[in-house]
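Coordinates as given in target-v2.txt (compact mmCIF, C-alpha atoms):
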```txt
# COMPACT_ATOMS: atom_id res chain seq x y z
CA MET A 280 62.22 80.51 109.54
CA VAL A 281 65.43 78.53 109.14
CA ARG A 282 68.62 79.97 107.66
CA ILE A 283 72.00 78.33 107.13
CA GLN A 284 74.57 80.96 106.26
CA ARG A 285 78.24 81.87 106.32
CA GLU A 286 77.60 85.49 107.37
CA ASP A 287 77.06 86.74 110.88
CA PHE A 288 73.59 87.65 112.15
CA ASP A 289 72.16 90.57 114.11
CA VAL A 290 70.24 89.35 117.16
CA ALA A 291 68.26 92.57 117.68
CA ALA A 292 67.25 92.68 114.01
CA GLU A 293 66.11 89.05 114.11
CA ILE A 294 64.00 89.65 117.23
CA ALA A 295 62.49 92.77 115.65
CA ARG A 296 61.64 90.78 112.52
CA LEU A 297 59.46 88.45 114.63
CA THR A 298 57.79 91.06 116.80
CA GLN A 299 57.37 94.07 114.52
CA GLY A 300 53.78 95.15 113.94
CA ARG A 301 52.31 92.51 116.25
CA ALA A 302 50.61 92.90 119.60
CA ASP A 303 49.90 89.24 120.36
CA ILE A 304 53.45 88.29 121.40
CA GLY A 305 54.05 88.48 125.13
CA ALA A 306 57.38 86.67 125.33
CA VAL A 307 60.49 86.34 123.22
CA VAL A 308 63.34 84.03 124.22
CA SER A 309 66.55 84.17 122.24
CA PHE A 310 69.53 81.88 122.56
CA GLN A 311 72.81 82.84 120.98
CA GLY A 312 75.66 80.30 120.80
CA LEU A 313 79.18 81.66 120.43
CA CYS A 314 82.55 80.21 119.53
CA ARG A 315 84.38 79.63 122.82
CA ASP A 316 88.10 79.33 123.47
CA GLU A 317 88.79 77.81 126.86
CA GLN A 318 92.55 77.39 126.70
CA GLY A 319 93.58 80.44 124.68
CA GLN A 320 94.84 78.21 121.86
CA LEU A 321 92.01 78.36 119.38
CA SER A 322 92.30 80.46 116.23
CA ALA A 323 88.96 79.36 114.78
CA LEU A 324 86.34 76.66 114.61
CA GLU A 325 85.54 75.41 111.15
CA LEU A 326 81.94 74.31 110.80
CA GLU A 327 81.29 71.79 108.08
CA HIS A 328 77.66 71.06 107.20
CA TYR A 329 75.55 68.90 104.93
CA PRO A 330 73.93 71.38 102.53
CA GLY A 331 70.29 70.53 101.93
CA MET A 332 69.98 68.20 104.88
CA ALA A 333 71.01 70.90 107.37
CA GLU A 334 68.04 73.06 106.29
CA ALA A 335 65.71 70.04 106.10
CA GLU A 336 66.65 68.62 109.50
CA ILE A 337 66.44 71.95 111.32
CA GLY A 338 63.11 72.48 109.55
CA ARG A 339 61.88 69.15 110.94
CA ILE A 340 63.02 70.08 114.47
CA ALA A 341 61.35 73.51 114.14
CA ALA A 342 58.12 71.89 112.92
CA GLU A 343 58.18 69.59 115.96
CA ALA A 344 58.60 72.60 118.26
CA ILE A 345 55.71 74.40 116.56
CA ALA A 346 53.55 71.30 117.04
CA ARG A 347 54.42 71.06 120.75
CA TRP A 348 54.21 74.68 121.88
CA PRO A 349 51.92 77.58 120.93
CA LEU A 350 54.49 79.75 119.16
CA GLN A 351 53.84 82.98 117.32
CA GLY A 352 57.21 82.98 115.65
CA LEU A 353 60.40 80.95 115.45
CA THR A 354 63.76 81.76 113.88
CA VAL A 355 66.78 79.48 113.70
CA ILE A 356 70.04 80.62 112.13
CA HIS A 357 73.11 78.38 112.01
CA ARG A 358 76.40 79.57 110.57
CA HIS A 359 79.00 77.48 108.73
CA GLY A 360 82.58 78.08 107.64
CA LYS A 361 85.40 79.46 109.78
CA ILE A 362 84.29 81.17 112.98
CA ALA A 363 86.70 82.93 115.36
CA PRO A 364 86.43 82.84 119.16
CA GLY A 365 83.82 85.32 120.35
CA GLU A 366 81.86 85.18 117.10
CA ASN A 367 78.31 83.92 116.76
CA ILE A 368 77.56 80.36 115.69
CA VAL A 369 73.86 79.82 116.23
CA LEU A 370 70.70 81.76 117.04
CA VAL A 371 67.29 80.54 118.16
CA VAL A 372 64.47 83.02 118.72
CA ALA A 373 61.11 81.75 119.96
CA ALA A 374 58.10 84.03 120.35
CA SER A 375 54.91 83.17 122.17
CA ALA A 376 52.06 84.70 124.12
CA HIS A 377 53.59 83.49 127.39
CA ARG A 378 57.13 82.92 128.59
CA GLN A 379 56.99 79.20 129.38
CA ALA A 380 56.34 78.12 125.80
CA ALA A 381 59.07 80.43 124.51
CA PHE A 382 61.64 79.21 127.06
CA GLU A 383 60.85 75.55 126.49
CA ALA A 384 60.74 75.74 122.71
CA ALA A 385 64.12 77.50 122.55
CA ASN A 386 65.63 74.93 124.92
CA PHE A 387 64.16 72.03 122.89
CA LEU A 388 65.46 73.51 119.64
CA MET A 389 69.00 73.81 120.98
CA ASP A 390 69.03 70.27 122.42
CA PHE A 391 67.98 68.81 119.07
CA LEU A 392 70.24 71.07 117.00
CA LYS A 393 73.19 69.73 119.01
CA SER A 394 72.40 66.08 118.44
CA ARG A 395 70.60 65.99 115.05
CA ALA A 396 71.57 68.93 112.85
CA PRO A 397 74.29 67.79 110.42
CA PHE A 398 77.15 70.10 111.44
CA TRP A 399 80.67 69.17 112.52
CA LYS A 400 83.22 71.41 114.24
CA LYS A 401 86.94 71.24 113.58
CA GLU A 402 89.46 73.16 115.68
CA HIS A 403 92.20 75.30 114.16
CA ARG A 404 94.88 76.29 116.67
CA LEU A 405 96.74 79.58 116.95
CA ASP A 406 100.07 77.83 116.25
CA GLY A 407 98.73 76.78 112.85
CA THR A 408 98.18 73.14 113.72
CA ASP A 409 94.99 71.21 113.25
CA GLY A 410 93.27 70.64 116.60
CA GLY A 411 91.09 67.85 115.23
CA TRP A 412 87.35 67.32 115.16
CA VAL A 413 85.36 68.24 118.24
CA LYS A 414 83.97 65.10 119.91
CA ALA A 415 80.23 64.75 120.40
CA LYS A 416 79.16 64.74 124.03
CA ASP A 417 76.95 62.04 125.53
CA ALA A 418 75.45 64.82 127.65
CA ASP A 419 74.06 66.42 124.47
CA ASP A 420 72.34 63.16 123.44
CA GLN A 421 70.94 62.82 126.96
CA ALA A 422 69.69 66.40 126.85
CA ALA A 423 67.77 65.64 123.65
CA ALA A 424 66.46 62.33 125.00
CA ARG A 425 64.80 63.95 128.03
CA TRP A 426 62.23 65.59 125.72
CA THR A 427 60.90 62.19 124.68
CA GLN A 428 61.01 60.78 128.21
CA SER A 429 58.87 63.46 129.81
CA PRO A 430 56.89 65.42 127.21
CA PRO A 431 55.40 68.68 128.45
CA ASP A 432 51.61 68.79 128.52
CA MET B 991 70.89 51.58 90.25
CA THR B 992 73.58 54.13 91.02
CA THR B 993 73.71 55.44 94.56
CA ARG B 994 75.57 58.57 95.59
CA LEU B 995 77.59 58.19 98.77
CA ILE B 996 78.50 61.40 100.60
CA TYR B 997 81.00 61.66 103.43
CA PHE B 998 81.49 64.36 106.08
CA ALA B 999 84.06 65.42 108.67
CA TRP B 1000 86.59 62.72 109.62
CA VAL B 1001 84.77 60.08 107.60
CA ARG B 1002 85.41 62.25 104.51
CA GLU B 1003 89.02 62.91 105.49
CA ARG B 1004 89.82 59.25 106.12
CA ILE B 1005 88.15 57.98 102.94
CA GLY B 1006 89.88 60.80 101.06
CA LYS B 1007 86.95 62.08 99.00
CA PRO B 1008 83.74 63.99 99.67
CA GLU B 1009 81.48 61.77 97.56
CA GLU B 1010 81.31 59.00 94.99
CA ASP B 1011 78.75 57.17 92.89
CA VAL B 1012 78.60 53.42 93.40
CA GLU B 1013 76.64 50.46 92.11
CA LEU B 1014 75.59 48.55 95.21
CA PRO B 1015 76.30 44.85 94.76
CA ALA B 1016 73.49 42.33 95.18
CA GLY B 1017 72.99 41.29 98.78
CA ILE B 1018 73.38 44.77 100.27
CA GLU B 1019 70.01 45.18 101.94
CA THR B 1020 70.56 47.36 104.97
CA VAL B 1021 72.77 50.24 106.07
CA ALA B 1022 74.75 47.73 108.19
CA ASP B 1023 75.39 45.62 105.04
CA LEU B 1024 76.53 48.74 103.18
CA LEU B 1025 78.99 49.69 105.93
CA ARG B 1026 80.40 46.13 106.00
CA TRP B 1027 80.86 46.16 102.19
CA LEU B 1028 82.43 49.62 102.12
CA LYS B 1029 84.85 48.68 104.86
CA SER B 1030 86.23 45.91 102.65
CA ARG B 1031 87.00 48.28 99.77
CA GLY B 1032 90.46 49.33 100.95
CA GLU B 1033 92.62 50.67 103.72
CA GLU B 1034 91.10 54.15 103.71
CA TYR B 1035 87.58 52.73 104.09
CA GLU B 1036 88.79 50.33 106.78
CA HIS B 1037 90.28 53.32 108.63
CA ALA B 1038 87.11 55.42 108.34
CA LEU B 1039 84.68 52.63 109.21
CA GLN B 1040 86.76 50.75 111.76
CA TYR B 1041 84.01 51.20 114.37
CA PRO B 1042 80.81 51.07 112.32
CA ASP B 1043 78.61 51.56 115.39
CA VAL B 1044 79.70 55.19 115.74
CA ILE B 1045 78.93 56.05 112.12
CA ARG B 1046 75.71 58.02 111.64
CA VAL B 1047 73.81 57.58 108.38
CA ALA B 1048 71.26 59.60 106.44
CA ILE B 1049 69.29 58.29 103.47
CA ASN B 1050 67.94 60.95 101.12
CA GLN B 1051 68.84 63.56 103.77
CA GLU B 1052 67.01 61.96 106.70
CA HIS B 1053 68.62 60.23 109.68
CA VAL B 1054 68.22 56.43 109.68
CA GLU B 1055 69.22 53.49 111.87
CA HIS B 1056 71.70 50.87 110.68
CA ARG B 1057 68.91 48.33 110.24
CA GLU B 1058 67.18 50.56 107.65
CA LYS B 1059 66.84 49.15 104.10
CA VAL B 1060 68.88 50.92 101.43
CA ALA B 1061 66.70 49.91 98.46
CA GLY B 1062 65.74 52.98 96.42
CA ALA B 1063 68.19 55.32 98.16
CA ARG B 1064 69.49 57.99 95.79
CA GLU B 1065 71.82 59.54 98.33
CA ILE B 1066 73.38 57.94 101.39
CA ALA B 1067 75.52 60.07 103.69
CA LEU B 1068 77.98 58.71 106.26
CA PHE B 1069 79.28 60.92 109.06
CA PRO B 1070 80.43 61.03 112.69
CA PRO B 1071 78.12 62.09 115.53
CA MET B 1072 77.15 65.71 114.99
CA THR B 1073 78.67 68.63 116.89
CA GLY B 1074 76.65 71.63 115.74
CA GLY B 1075 74.80 74.20 117.81
```

Here is a file; write its structure as structure tokens.
Amino acid sequence: MVRIQREDFDVAAEIARLTQGRADIGAVVSFQGLCRDEQGQLSALELEHYPGMAEAEIGRIAAEAIARWPLQGLTVIHRHGKIAPGENIVLVVAASAHRQAAFEAANFLMDFLKSRAPFWKKEHRLDGTDGGWVKAKDADDQAAARWTQSPPD
Amino acid sequence: MTTRLIYFAWVRERIGKPEEDVELPAGIETVADLLRWLKSRGEEYEHALQYPDVIRVAINQEHVEHREKVAGAREIALFPPMTGG
């Protein structure tokens, strides 16, 4: 399940949604990405996205994960709009019979979300000035590339 | 055929509009051709597309390379490298 939304999400509720009433799930890995302020100058991050493509692209990444690992459930939620430091930005929950598939699928999802999901972060500073657009990191592209270099068996 | 161009983040800010409908002139075959043509349309485009290699492109909401053909594209989006997650 993929959701793009302005509102916050509840991690426990999202995990429960995947596991409730099932006995075949042995492992759930959740990753929660938050808005971080390293220098104490950030008032908010503004996340712009490409409506339509954001859902479609994350759907394609999720489908790839489902094809590569035996998952019993997968949830991806990505927020947009203004997000204050400490607030949630993204959630990935992967459920599987065993932990390895859940860990790897969640990791894969995050690497590809970073480099392929059409979202852009702009910084708003506490002093009211525009902190500019966050620059993409080469390390994020490299993190995504490693999944094609050495596919898991 | 009319093609809708959509811009995001600093590409949108520099061009000064979120989207526009254009008639692609004859001879525009690939994404690279499109970027070269757009860049010649004025200062704001020149500013946004100064370094075409960094511009990411999606045709009909799917990522494509700059060598991709644009024939039949309804919607072409131009944006900087993504910073989601």

- [ ] Define the interface residues of chain A facing chain B as those within 10 Å, counting all atoms listed in the file, and report them as a PyMOL selection string.
- [x] chain A and resi 311-314+326-336+339+356-359+368-371+388-401+411-416+419-420

Task: Proximity to Phe310 in chain A - best of A:Val290, A:Ala423, A:Leu324, A:Ala418, all atoms listed in the file - done: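 Going through A:Val290, A:Ala423, A:Leu324, A:Ala418 one by one, the smallest distance to Phe310 in chain A is for A:Val290.
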
Open item on the list: Report, in Å to a single decimal, how far apart CA of Gln428 in chain A and CA of Ala385 in chain A are.
Closed with: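 These atoms are spaced 17.9 Å apart.
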
Open item on the list: One number please: CA of Ala381 in chain A to CA of Ile283 in chain A, in Å, one decimal.
Closed with: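 That distance, rounded to one decimal, is 21.8 Å.
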
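The nearest approach to Ile1066 in chain B among the residues B:Ile1005, B:Pro1015, B:Leu1024, B:Lys1029, with only C-alpha atoms taken into account, belongs to B:Leu1024.
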
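Pairwise distance (CA of Leu1068 in chain B, CA of Glu1033 in chain B) equals 16.9 Å.
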
Open item on the list: At a cut-off of 12 Å, using only C-alpha atoms, what residues contact Glu293 in chain A? Leave out same-chain residues fewer than 6 positions from it and give the result as JSON, numbers by chain.
Closed with: {"A": [280, 281, 282, 287, 299, 307, 308, 309, 310, 311, 352, 353, 354, 355, 356, 370, 371, 372, 373, 374]}

- [ ] Might you pull out every residue within 8 Å of Arg1064 in chain B, with all atoms listed in the file counted and same-chain residues fewer than 5 positions away left off, and present them as number ranges by chain?
- [x] B: 992-994, 1049-1050

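Between Gly410 in chain A and the residues A:Thr298, A:Gln284, A:Ser322, A:Gln379, the shortest atom-to-atom distance, using all atoms listed in the file, involves A:Ser322.
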
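Remark: for Asp303 in chain A, the closest of the candidate residues A:Ala424, A:Ile340, A:Leu350, A:Ala363 is A:Leu350 (distances computed over all atoms listed in the file).
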
- [ ] For Ala1061 in chain B, list every protein, DNA or RNA residue within 9 Å, evaluated using only C-alpha atoms, and leave out those in the same chain fewer than 3 positions away; present the list as a PyMOL selection string.
- [x] chain B and resi 1018-1020+1064

Would you save the residues of that selection, restricted to C-alpha atoms, as a short mmCIF file (atom, residue, chain, number, x, y, z; two decimals), in the coordinates of the input?
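Writing the result to out.cif gives the following:
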```
data_model
loop_
_atom_site.label_atom_id
_atom_site.label_comp_id
_atom_site.auth_asym_id
_atom_site.auth_seq_id
_atom_site.Cartn_x
_atom_site.Cartn_y
_atom_site.Cartn_z
CA ILE B 1018 73.38 44.77 100.27
CA GLU B 1019 70.01 45.18 101.94
CA THR B 1020 70.56 47.36 104.97
CA ARG B 1064 69.49 57.99 95.79
#
```

Task: Closest of B:Leu1025, B:Gly1006, B:Glu1013, B:Val1060 to Tyr1041 in chain B - atom-to-atom distances counting only C-alpha atoms - done: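 The shortest atom-to-atom distance to Tyr1041 in chain B comes from B:Leu1025.
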